[in-house]
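Structure file upload-v6.txt (compact mmCIF, C-alpha atoms) follows.
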# COMPACT_ATOMS: atom_id res chain seq x y z
CA MET A 5 93.53 108.70 99.74
CA LEU A 6 91.07 109.34 102.58
CA ILE A 7 87.49 108.20 102.36
CA GLN A 8 85.09 111.16 102.28
CA ARG A 9 83.66 111.85 105.72
CA GLY A 10 80.11 112.99 106.03
CA GLY A 11 76.71 111.57 105.20
CA LEU A 12 75.05 108.22 105.62
CA LYS A 13 76.64 105.08 104.15
CA VAL A 14 74.01 102.46 103.33
CA VAL A 15 75.11 98.88 102.81
CA ALA A 16 72.67 97.07 100.50
CA GLY A 17 72.72 93.33 101.09
CA LEU A 18 74.35 91.63 104.05
CA GLY A 19 76.13 88.26 103.82
CA ILE A 20 79.91 87.95 104.14
CA SER A 21 80.97 91.04 102.19
CA GLY A 22 78.09 93.15 103.55
CA VAL A 23 79.01 92.36 107.15
CA SER A 24 82.62 93.22 106.38
CA ALA A 25 81.61 96.55 104.82
CA VAL A 26 79.30 97.50 107.72
CA ASN A 27 81.95 96.76 110.33
CA PHE A 28 84.74 98.49 108.40
CA LEU A 29 82.73 101.69 107.89
CA TYR A 30 81.42 101.69 111.47
CA GLU A 31 84.94 101.31 112.88
CA LYS A 32 86.07 104.24 110.70
CA GLY A 33 83.46 106.46 112.36
CA TYR A 34 80.83 106.70 109.62
CA ARG A 35 77.10 106.72 110.07
CA VAL A 36 76.10 103.35 108.70
CA ALA A 37 72.80 101.66 107.91
CA VAL A 38 72.06 98.35 106.22
CA THR A 39 69.08 97.01 104.30
CA ASP A 40 68.38 93.52 102.97
CA SER A 41 65.34 91.97 101.30
CA ARG A 42 65.68 88.88 103.51
CA ALA A 43 63.89 88.99 106.86
CA VAL A 44 66.82 87.31 108.64
CA PRO A 45 69.87 87.84 106.41
CA PRO A 46 73.04 85.86 107.07
CA GLY A 47 75.44 87.82 109.29
CA HIS A 48 72.74 89.98 110.89
CA ASP A 49 74.14 89.02 114.31
CA LYS A 50 77.71 90.03 113.39
CA ILE A 51 77.20 93.80 113.08
CA PRO A 52 77.14 96.46 115.83
CA SER A 53 73.79 96.96 117.54
CA GLU A 54 74.06 100.73 116.92
CA VAL A 55 73.83 100.22 113.14
CA GLN A 56 70.40 101.02 111.74
CA THR A 57 68.88 97.95 110.04
CA HIS A 58 65.95 97.49 107.64
CA PHE A 59 65.32 93.84 106.82
CA GLY A 60 62.58 92.02 104.93
CA VAL A 61 62.56 94.44 102.00
CA LEU A 62 65.13 96.73 100.37
CA ASP A 63 64.18 100.02 102.03
CA GLN A 64 63.72 102.53 99.22
CA ASP A 65 63.54 105.57 101.50
CA LEU A 66 66.74 104.56 103.27
CA LEU A 67 68.56 104.04 99.98
CA LEU A 68 67.42 107.45 98.72
CA SER A 69 68.70 109.12 101.91
CA ALA A 70 72.22 107.69 101.43
CA GLU A 71 75.27 109.74 100.59
CA GLU A 72 76.65 106.52 99.10
CA ILE A 73 75.43 102.93 98.70
CA ILE A 74 77.83 100.02 99.13
CA ILE A 75 76.19 97.16 97.26
CA SER A 76 76.90 93.51 98.01
CA PRO A 77 78.01 91.50 94.96
CA GLY A 78 74.99 89.21 95.21
CA LEU A 79 72.62 92.14 94.55
CA ASP A 80 71.99 93.12 90.94
CA PRO A 81 72.47 96.88 90.40
CA LYS A 82 69.57 96.71 87.93
CA LEU A 83 67.10 96.21 90.81
CA PRO A 84 64.53 99.04 90.70
CA GLU A 85 65.37 100.21 94.24
CA ILE A 86 69.05 100.59 93.28
CA GLN A 87 68.22 102.18 89.93
CA ALA A 88 66.06 104.79 91.68
CA ALA A 89 69.06 105.78 93.82
CA ILE A 90 71.33 105.93 90.76
CA ALA A 91 68.77 108.13 88.98
CA LYS A 92 68.99 110.51 91.93
CA GLY A 93 72.78 110.70 91.53
CA ILE A 94 73.67 108.59 94.57
CA PRO A 95 76.92 106.66 93.97
CA VAL A 96 76.59 102.86 94.11
CA ILE A 97 79.95 101.20 94.74
CA SER A 98 81.45 97.85 95.73
CA GLU A 99 83.40 97.03 98.88
CA ILE A 100 86.41 96.76 96.54
CA GLN A 101 86.00 100.47 95.76
CA VAL A 102 85.94 101.22 99.49
CA LEU A 103 89.20 99.28 99.90
CA ARG A 104 90.83 101.12 96.99
CA ARG A 105 90.05 104.48 98.63
CA ALA A 106 91.22 103.26 102.04
CA THR A 107 94.71 102.10 101.04
CA ASP A 108 97.62 103.24 98.92
CA LYS A 109 99.21 99.77 98.95
CA PRO A 110 99.56 97.92 95.63
CA ILE A 111 96.83 95.56 94.50
CA VAL A 112 97.17 92.49 92.29
CA GLY A 113 93.77 92.03 90.62
CA ILE A 114 92.77 88.60 89.28
CA THR A 115 89.56 87.71 87.47
CA GLY A 116 88.38 85.32 84.78
CA SER A 117 85.61 82.83 84.17
CA ASN A 118 87.72 80.02 85.64
CA ALA A 119 90.88 79.29 87.64
CA LYS A 120 90.92 82.64 89.47
CA SER A 121 90.84 81.00 92.92
CA THR A 122 93.73 78.70 92.02
CA VAL A 123 95.81 81.54 90.56
CA THR A 124 95.00 83.91 93.45
CA THR A 125 96.00 81.31 96.05
CA LEU A 126 99.13 80.27 94.18
CA ILE A 127 100.47 83.80 93.59
CA GLY A 128 99.72 84.51 97.26
CA LEU A 129 101.88 81.55 98.30
CA MET A 130 104.63 82.69 95.93
CA ALA A 131 104.58 86.17 97.49
CA GLU A 132 104.69 84.70 101.01
CA GLN A 133 107.58 82.45 100.02
CA ALA A 134 109.43 85.58 98.87
CA GLY A 135 108.95 87.14 102.32
CA ARG A 136 106.32 89.69 101.28
CA LYS A 137 103.66 90.71 103.81
CA VAL A 138 100.65 89.84 101.72
CA ALA A 139 96.88 89.64 102.26
CA VAL A 140 94.89 87.34 99.97
CA GLY A 141 91.11 87.41 99.56
CA GLY A 142 88.23 89.27 97.94
CA ASN A 143 85.86 86.88 96.19
CA LEU A 144 87.90 84.04 97.70
CA GLY A 145 88.27 83.39 101.43
CA ARG A 146 88.33 86.59 103.46
CA PRO A 147 86.37 89.67 102.31
CA ALA A 148 88.55 92.45 100.93
CA LEU A 149 87.88 94.94 103.75
CA ASP A 150 88.77 92.39 106.42
CA LEU A 151 92.24 92.18 104.87
CA THR A 152 93.01 95.75 105.97
CA LYS A 153 93.39 94.46 109.55
CA ASP A 154 96.60 92.70 108.45
CA ASP A 155 98.18 96.00 107.34
CA PRO A 156 99.81 94.21 104.39
CA GLU A 157 102.33 95.64 101.97
CA LEU A 158 100.47 93.98 99.09
CA TYR A 159 96.86 92.93 98.41
CA ILE A 160 96.15 89.97 96.13
CA LEU A 161 92.46 89.99 95.24
CA GLU A 162 90.27 87.53 93.40
CA LEU A 163 87.52 89.66 91.86
CA SER A 164 84.21 88.51 90.40
CA SER A 165 82.31 90.22 87.60
CA PHE A 166 79.67 91.10 90.22
CA GLN A 167 82.26 92.98 92.31
CA LEU A 168 83.85 94.63 89.30
CA GLU A 169 80.66 96.06 87.79
CA THR A 170 80.51 98.58 90.67
CA THR A 171 84.28 99.18 90.92
CA SER A 172 85.95 102.08 89.10
CA ASN A 173 89.64 102.85 88.65
CA LEU A 174 91.03 99.96 90.68
CA ASN A 175 94.51 101.27 89.71
CA ALA A 176 95.96 97.80 90.23
CA GLU A 177 99.70 97.30 90.20
CA VAL A 178 99.04 94.39 87.83
CA ALA A 179 95.79 92.82 86.65
CA VAL A 180 94.74 89.79 84.62
CA VAL A 181 91.60 88.38 83.06
CA LEU A 182 92.64 84.72 82.91
CA ASN A 183 90.01 83.53 80.43
CA MET A 184 86.49 84.29 79.23
CA SER A 185 83.64 81.84 78.66
CA GLU A 186 79.88 82.04 79.07
CA ASP A 187 78.85 82.56 82.70
CA HIS A 188 76.40 84.71 84.67
CA LEU A 189 74.58 85.72 81.49
CA ASP A 190 71.39 85.70 83.56
CA ARG A 191 72.89 88.72 85.39
CA HIS A 192 74.94 90.47 82.70
CA GLY A 193 72.52 89.93 79.80
CA ASP A 194 75.04 88.79 77.18
CA MET A 195 78.75 88.18 76.65
CA MET A 196 79.35 91.86 75.94
CA GLY A 197 77.89 92.82 79.33
CA TYR A 198 79.95 90.10 81.03
CA HIS A 199 83.13 91.14 79.15
CA THR A 200 82.59 94.81 80.03
CA ALA A 201 82.26 93.98 83.74
CA LYS A 202 85.38 91.81 83.78
CA HIS A 203 87.50 94.36 81.94
CA ARG A 204 86.79 97.06 84.54
CA ILE A 205 89.70 95.40 86.41
CA PHE A 206 92.06 97.19 83.96
CA GLN A 207 90.91 100.75 84.73
CA GLY A 208 94.04 102.68 85.76
CA VAL A 209 96.18 99.52 85.71
CA LYS A 210 99.98 99.90 85.83
CA LYS A 211 100.91 96.51 84.25
CA VAL A 212 98.85 93.94 82.36
CA VAL A 213 99.03 90.16 82.08
CA TYR A 214 96.84 88.49 79.44
CA ASN A 215 96.18 85.06 77.95
CA ARG A 216 97.45 84.74 74.36
CA ASP A 217 95.11 81.77 73.82
CA ASP A 218 92.00 83.84 74.56
CA SER A 219 91.62 87.07 72.61
CA LEU A 220 88.86 88.26 74.95
CA THR A 221 91.37 88.68 77.79
CA ARG A 222 93.55 91.32 76.12
CA PRO A 223 92.53 94.81 77.24
CA LEU A 224 92.47 98.11 75.44
CA VAL A 225 94.94 100.13 77.52
CA PRO A 226 97.36 102.98 76.72
CA ASP A 227 100.27 101.89 74.51
CA ALA A 228 102.78 102.74 77.25
CA THR A 229 101.27 100.15 79.64
CA PRO A 230 103.69 97.22 80.10
CA MET A 231 102.01 94.00 78.92
CA GLN A 232 103.10 90.40 79.33
CA SER A 233 101.34 87.32 77.99
CA PHE A 234 101.10 83.63 78.83
CA GLY A 235 99.83 80.76 76.70
CA LEU A 236 100.15 77.07 75.92
CA ASN A 237 102.38 77.62 72.89
CA ALA A 238 105.99 78.59 72.30
CA PRO A 239 106.47 82.08 73.76
CA ASP A 240 108.06 85.10 72.15
CA ILE A 241 111.03 86.66 73.93
CA ASN A 242 110.17 87.81 77.49
CA GLN A 243 106.74 86.12 77.34
CA TYR A 244 105.62 82.94 79.17
CA GLY A 245 104.60 79.73 77.43
CA VAL A 246 105.41 76.10 76.71
CA LEU A 247 108.34 74.45 74.93
CA ARG A 248 108.16 70.77 73.93
CA ASP A 249 111.11 68.41 73.57
CA THR A 250 111.16 65.72 70.89
CA ASP A 251 110.53 63.07 73.58
CA GLY A 252 107.26 64.80 74.55
CA THR A 253 108.58 66.56 77.66
CA ILE A 254 106.67 69.79 78.29
CA TRP A 255 108.57 72.73 79.79
CA LEU A 256 107.25 75.93 81.32
CA ALA A 257 109.32 78.60 79.62
CA ARG A 258 110.09 82.31 79.42
CA GLY A 259 111.05 83.04 75.85
CA ARG A 260 113.61 80.37 74.88
CA GLU A 261 114.54 79.66 78.51
CA ARG A 262 113.24 76.37 79.92
CA LEU A 263 112.19 76.92 83.53
CA LEU A 264 110.46 73.79 84.86
CA LYS A 265 109.24 70.47 83.50
CA SER A 266 105.45 70.29 83.77
CA SER A 267 105.87 66.82 85.31
CA GLU A 268 107.65 68.43 88.30
CA MET A 269 104.49 70.35 89.24
CA TYR A 270 102.28 68.69 91.84
CA ILE A 271 99.08 69.81 90.07
CA GLN A 272 98.71 68.22 86.65
CA GLY A 273 96.81 68.94 83.44
CA THR A 274 97.45 71.52 80.73
CA HIS A 275 94.98 73.94 82.35
CA ASN A 276 97.20 73.98 85.44
CA VAL A 277 100.26 74.66 83.27
CA ALA A 278 98.40 77.76 82.03
CA ASN A 279 97.59 78.73 85.64
CA ALA A 280 101.25 78.36 86.62
CA LEU A 281 102.40 80.49 83.68
CA ALA A 282 99.90 83.20 84.62
CA CYS A 283 101.34 83.22 88.15
CA LEU A 284 104.91 83.49 86.88
CA ALA A 285 103.94 86.52 84.78
CA LEU A 286 102.08 88.15 87.70
CA GLY A 287 104.98 87.40 90.02
CA GLU A 288 107.48 88.98 87.65
CA ALA A 289 105.29 92.10 87.53
CA ILE A 290 105.53 92.52 91.32
CA GLY A 291 109.20 91.59 91.55
CA LEU A 292 109.06 88.06 92.98
CA PRO A 293 112.26 86.03 92.51
CA LEU A 294 111.86 83.32 89.85
CA GLU A 295 113.57 80.52 91.78
CA GLY A 296 111.18 80.78 94.70
CA MET A 297 108.15 80.83 92.40
CA LEU A 298 109.31 77.62 90.70
CA GLU A 299 109.81 75.93 94.08
CA THR A 300 106.23 76.86 95.05
CA LEU A 301 104.96 75.25 91.83
CA LYS A 302 106.57 71.95 92.86
CA THR A 303 104.67 71.81 96.16
CA PHE A 304 101.30 73.53 95.58
CA LYS A 305 98.61 70.85 95.79
CA GLY A 306 95.73 72.84 94.35
CA LEU A 307 92.41 73.74 95.97
CA GLU A 308 89.58 71.64 97.29
CA HIS A 309 86.83 71.05 94.67
CA ARG A 310 89.02 72.45 91.87
CA CYS A 311 90.26 69.49 89.82
CA GLU A 312 91.33 67.97 93.14
CA PHE A 313 92.85 64.48 92.96
CA VAL A 314 90.88 62.25 95.32
CA LYS A 315 92.06 58.66 94.98
CA GLU A 316 93.21 55.95 92.58
CA VAL A 317 91.08 52.78 92.51
CA ASN A 318 92.20 49.82 90.35
CA GLY A 319 94.33 52.11 88.19
CA VAL A 320 91.53 54.68 87.68
CA ARG A 321 92.16 58.19 89.04
CA TYR A 322 89.22 60.16 90.46
CA TYR A 323 89.10 63.98 90.38
CA ASN A 324 86.72 66.34 92.21
CA ASP A 325 86.08 69.46 90.13
CA SER A 326 82.77 70.37 91.77
CA LYS A 327 83.77 74.05 91.43
CA GLY A 328 83.36 73.50 87.67
CA THR A 329 80.02 75.33 87.59
CA ASN A 330 80.29 76.61 84.01
CA ILE A 331 81.23 75.23 80.61
CA GLY A 332 84.62 76.94 80.51
CA ALA A 333 85.72 75.34 83.79
CA THR A 334 84.58 71.91 82.66
CA LEU A 335 86.34 72.26 79.30
CA ALA A 336 89.57 73.20 81.09
CA ALA A 337 89.38 70.10 83.31
CA LEU A 338 88.24 67.73 80.55
CA ASP A 339 90.83 68.93 78.03
CA GLY A 340 93.59 69.15 80.63
CA LEU A 341 93.13 65.65 82.04
CA GLY A 342 92.09 64.12 78.72
CA ALA A 343 95.24 65.31 76.96
CA ALA A 344 97.40 64.09 79.86
CA ILE A 345 96.11 60.47 79.67
CA GLU A 346 95.55 60.25 75.91
CA ALA A 347 99.03 58.90 75.16
CA GLN A 348 98.47 55.95 77.53
CA GLY A 349 95.13 55.15 75.90
CA GLY A 350 93.17 56.58 78.83
CA LYS A 351 89.70 58.13 78.54
CA VAL A 352 87.57 60.29 80.83
CA ALA A 353 84.27 59.32 82.46
CA ILE A 354 82.64 62.65 83.29
CA ILE A 355 79.69 63.51 85.53
CA LEU A 356 77.73 66.48 84.14
CA GLY A 357 74.57 68.29 85.15
CA GLY A 358 72.65 70.43 87.61
CA GLN A 359 71.30 73.91 86.94
CA GLY A 360 72.66 75.10 83.59
CA LYS A 361 72.17 78.89 83.95
CA GLY A 362 71.15 79.24 80.30
CA GLN A 363 74.52 78.12 78.89
CA ASP A 364 75.00 76.60 75.44
CA PHE A 365 76.23 73.06 76.14
CA THR A 366 77.07 72.35 72.49
CA ALA A 367 80.44 73.95 73.36
CA LEU A 368 81.31 70.64 75.09
CA ARG A 369 80.80 68.51 71.97
CA ASP A 370 84.33 68.47 70.51
CA SER A 371 86.06 67.71 73.80
CA LEU A 372 83.57 65.00 74.76
CA SER A 373 84.02 63.36 71.34
CA LYS A 374 87.79 63.45 71.73
CA PHE A 375 88.34 62.54 75.38
CA ALA A 376 85.20 61.07 76.98
CA GLN A 377 84.49 57.37 77.40
CA VAL A 378 81.09 58.17 78.92
CA ALA A 379 79.14 61.15 80.25
CA VAL A 380 76.81 60.49 83.17
CA LEU A 381 74.08 63.13 83.42
CA ILE A 382 72.50 64.22 86.70
CA GLY A 383 70.23 67.00 87.88
CA GLU A 384 67.59 69.40 86.70
CA ASP A 385 68.91 70.28 83.24
CA ARG A 386 69.79 66.75 82.10
CA PRO A 387 67.39 66.93 79.12
CA ILE A 388 68.94 70.20 77.86
CA ILE A 389 72.47 68.83 78.17
CA GLU A 390 71.55 65.52 76.53
CA THR A 391 70.05 67.28 73.52
CA ALA A 392 73.13 69.50 73.17
CA ILE A 393 75.75 66.70 73.36
CA ALA A 394 73.89 63.75 71.79
CA GLY A 395 76.14 61.64 69.56
CA THR A 396 79.45 62.68 71.15
CA THR A 397 79.94 59.72 73.51
CA THR A 398 77.93 57.22 75.51
CA LEU A 399 75.34 59.10 77.62
CA LEU A 400 73.93 57.62 80.82
CA HIS A 401 71.47 59.04 83.35
CA ALA A 402 71.75 58.84 87.15
CA GLU A 403 69.22 59.88 89.75
CA SER A 404 71.87 60.54 92.40
CA LEU A 405 75.57 61.28 92.66
CA GLN A 406 76.04 57.84 94.25
CA GLU A 407 74.54 56.17 91.18
CA ALA A 408 76.68 58.36 88.91
CA VAL A 409 79.91 57.32 90.66
CA ALA A 410 78.89 53.65 90.47
CA LEU A 411 78.20 53.94 86.72
CA CYS A 412 81.58 55.61 86.17
CA GLN A 413 83.36 52.83 88.03
CA GLN A 414 81.62 50.23 85.84
CA CYS A 415 82.61 52.02 82.63
CA THR A 416 86.30 52.62 83.33
CA GLN A 417 89.56 50.66 83.41
CA ALA A 418 93.19 51.28 84.34
CA GLN A 419 94.63 54.54 82.86
CA ASP A 420 91.15 56.13 82.75
CA VAL A 421 90.00 59.12 84.80
CA VAL A 422 86.65 59.75 86.51
CA LEU A 423 85.90 63.47 86.64
CA LEU A 424 83.14 65.28 88.51
CA SER A 425 82.99 68.58 86.61
CA PRO A 426 79.28 69.32 86.20
CA ALA A 427 79.41 72.60 84.18
CA CYS A 428 76.35 73.57 86.23
CA ALA A 429 75.27 75.11 89.51
CA SER A 430 74.37 72.58 92.20
CA PHE A 431 71.37 74.04 94.02
CA ASP A 432 68.86 71.58 92.54
CA MET A 433 70.45 68.72 94.52
CA PHE A 434 72.90 70.26 97.02
CA SER A 435 73.40 73.29 99.26
CA GLY A 436 76.25 74.37 96.97
CA TYR A 437 79.28 73.08 95.07
CA PRO A 438 81.24 72.33 98.31
CA GLU A 439 78.57 69.85 99.49
CA ARG A 440 78.46 68.26 96.03
CA GLY A 441 82.24 67.90 96.11
CA ARG A 442 82.36 66.52 99.65
CA GLN A 443 79.71 63.92 98.78
CA PHE A 444 81.70 62.89 95.70
CA VAL A 445 84.91 62.55 97.73
CA ALA A 446 83.12 60.42 100.35
CA LEU A 447 81.64 58.16 97.66
CA VAL A 448 85.05 57.73 95.97
CA ASN A 449 86.78 57.00 99.26
CA ALA A 450 84.23 54.23 99.88
CA LEU A 451 85.14 52.47 96.60
CA ASN A 452 87.41 49.45 96.54

Since I need it in another form, could you write the structure as structure tokens?
Amino acid sequence: MLIQRGGLKVVAGLGISGVSAVNFLYEKGYRVAVTDSRAVPPGHDKIPSEVQTHFGVLDQDLLLSAEEIIISPGLDPKLPEIQAAIAKGIPVISEIQVLRRATDKPIVGITGSNAKSTVTTLIGLMAEQAGRKVAVGGNLGRPALDLTKDDPELYILELSSFQLETTSNLNAEVAVVLNMSEDHLDRHGDMMGYHTAKHRIFQGVKKVVYNRDDSLTRPLVPDATPMQSFGLNAPDINQYGVLRDTDGTIWLARGRERLLKSSEMYIQGTHNVANALACLALGEAIGLPLEGMLETLKTFKGLEHRCEFVKEVNGVRYYNDSKGTNIGATLAALDGLGAAIEAQGGKVAIILGGQGKGQDFTALRDSLSKFAQVAVLIGEDRPIIETAIAGTTTLLHAESLQEAVALCQQCTQAQDVVLLSPACASFDMFSGYPERGRQFVALVNALN
């Protein structure tokens, strides 16, 4: 389907995806302008000099003169300048919508509160292993419109709720919402707003994958739409799940067929078993051979800052889950690792805290009571977290990440796990979750 030629395309908000959108549209021969409320927005030096720019304030007149506005995911469509354009009937779309109009190649769409980067990367590796010419990106790694340069036969896209709220009729070959837990409520208003944004990924979808363990992930789609589920229980015929032997061995399974022992996967924890099962279902939907997918599961080492194994010190294993910026991510890591070490008498020492984004931290209480030896609290919202989880486990305070790691080392013994999974944003103490994770890794590597 060709993009409509004609009037002015205005990109609202620069940054990585904005730069990508400006350059893509410019190279396709459109008249393009860009506006950003920042005086010197990131990427301003990476766009053609011929492109009209208005920085320092979102230019209302420019937006109202647009044929179409391509909004960066970091900008809230509820901003008054954007709402004025919508009221005038000017379409406001995402760069994902631009990609959908620019290609007829199949898209695998992946979203969820947590694990979408891991699943996107893993299914991308499975597709590559099968010899498919695939481009992987979106909210992860390369911006979606940059992927067009690869001329792939298949797009695998991680999509955020921010991208999806201005995307219509993605018409994905297969799509999944991996899980749903409170996040970005400051943007979406409430869980219904967040759920509605996420589920836009299913508009026009050809096949659906959903999580049996999370009812919020199952979409309302026409009855004829093929649907396949995954979950951490025994699967029905043709579905993906887990079978357990009497000796405790856990198998990834399709129906009654045992496919792979969970112990043969490089990445461990029950949350990663769920991620692997999601990938097997997605891979089946796009015709990837099963044997190759299972081989990829044996070698995939996971992603940096996502429940990443760092080092073992005196029998204690340290994990960097700095990407755990919401409660759902932290629960996945805490439950996954806690259940894995429980049989050996191991417990988790967890580092929590930062900027809480208005979340309800009482959701952590059951898992902390069950699996945590100690919770060390850091950052701006320590008092809120402490009030919410008081009485679950030993609570300690640290003024720095260095002090938190030292306290965890003092409180643990062989078979235990130390987990950085803060359930919070990091901007009160760090430039972002990658810096927080890198500092944690450096501190752990200095232990002896």

- Task: Tell me, as a ChimeraX atom specification, which residues lie within 10 Å of Val23 (chain A), counting only C-alpha atoms; anything in the same chain fewer than 5 positions away does not count.
- Result: /A:15,17-18,28,38,46-52,76,147,149-150

- Between CA of Met195 (chain A) and CA of Val178 (chain A), what is the distance, to one decimal in Å? 24.0 Å

- Using only C-alpha atoms, which residue out of A:Gly142, A:Gly60, A:Pro81, A:Gly436 lies closest to Ser24 (chain A)?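 Counting only C-alpha atoms, the residue closest to Ser24 (chain A) is A:Gly142.
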
- Task: Point out the residue among A:Thr170, A:Gln56, A:Ala134, A:Asp339 with the least atom-to-atom distance to Lys82 (chain A), counting only C-alpha atoms.
- Result: A:Thr170

Can you list, as an mmCIF file with C-alpha atoms, keeping the file's coordinate frame, every protein, DNA or RNA residue that comes within 12 Å of Asp65 (chain A) when you count all atoms listed in the file, leaving out same-chain residues fewer than 2 positions away?
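Everything below was put into out_30.cif:
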data_model
loop_
_atom_site.group_PDB
_atom_site.id
_atom_site.type_symbol
_atom_site.label_atom_id
_atom_site.label_comp_id
_atom_site.auth_asym_id
_atom_site.auth_seq_id
_atom_site.Cartn_x
_atom_site.Cartn_y
_atom_site.Cartn_z
ATOM 1 C CA VAL A 14 74.010 102.460 103.330
ATOM 2 C CA ALA A 37 72.800 101.660 107.910
ATOM 3 C CA THR A 39 69.080 97.010 104.300
ATOM 4 C CA HIS A 58 65.950 97.490 107.640
ATOM 5 C CA VAL A 61 62.560 94.440 102.000
ATOM 6 C CA LEU A 62 65.130 96.730 100.370
ATOM 7 C CA ASP A 63 64.180 100.020 102.030
ATOM 8 C CA LEU A 67 68.560 104.040 99.980
ATOM 9 C CA LEU A 68 67.420 107.450 98.720
ATOM 10 C CA SER A 69 68.700 109.120 101.910
ATOM 11 C CA ALA A 70 72.220 107.690 101.430
ATOM 12 C CA GLU A 85 65.370 100.210 94.240
ATOM 13 C CA ILE A 86 69.050 100.590 93.280
ATOM 14 C CA ALA A 88 66.060 104.790 91.680
ATOM 15 C CA ALA A 89 69.060 105.780 93.820
#

- Item | Near-region 137-139 of chain A list (9 Å; all atoms listed in the file; drop same-chain fewer than 5 positions) as a PyMOL selection string | chain A and resi 128+131-132+148+151-152+154-161

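Among A:Ser425, A:Gln406, A:Ser233, A:Asn452, the residue with the shortest atom-to-atom distance to Thr329 (chain A), counting all atoms listed in the file, is A:Ser425.
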
- Query: For the atom pair CA of Asp194 (chain A) and CA of Thr221 (chain A), what is the interatomic distance in Å to one decimal place?
  - Reply: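 We find that CA of Asp194 (chain A) and CA of Thr221 (chain A) lie 16.3 Å from each other.
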
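You will find CA of Val352 (chain A) at 4.8 Å from CA of Val421 (chain A).
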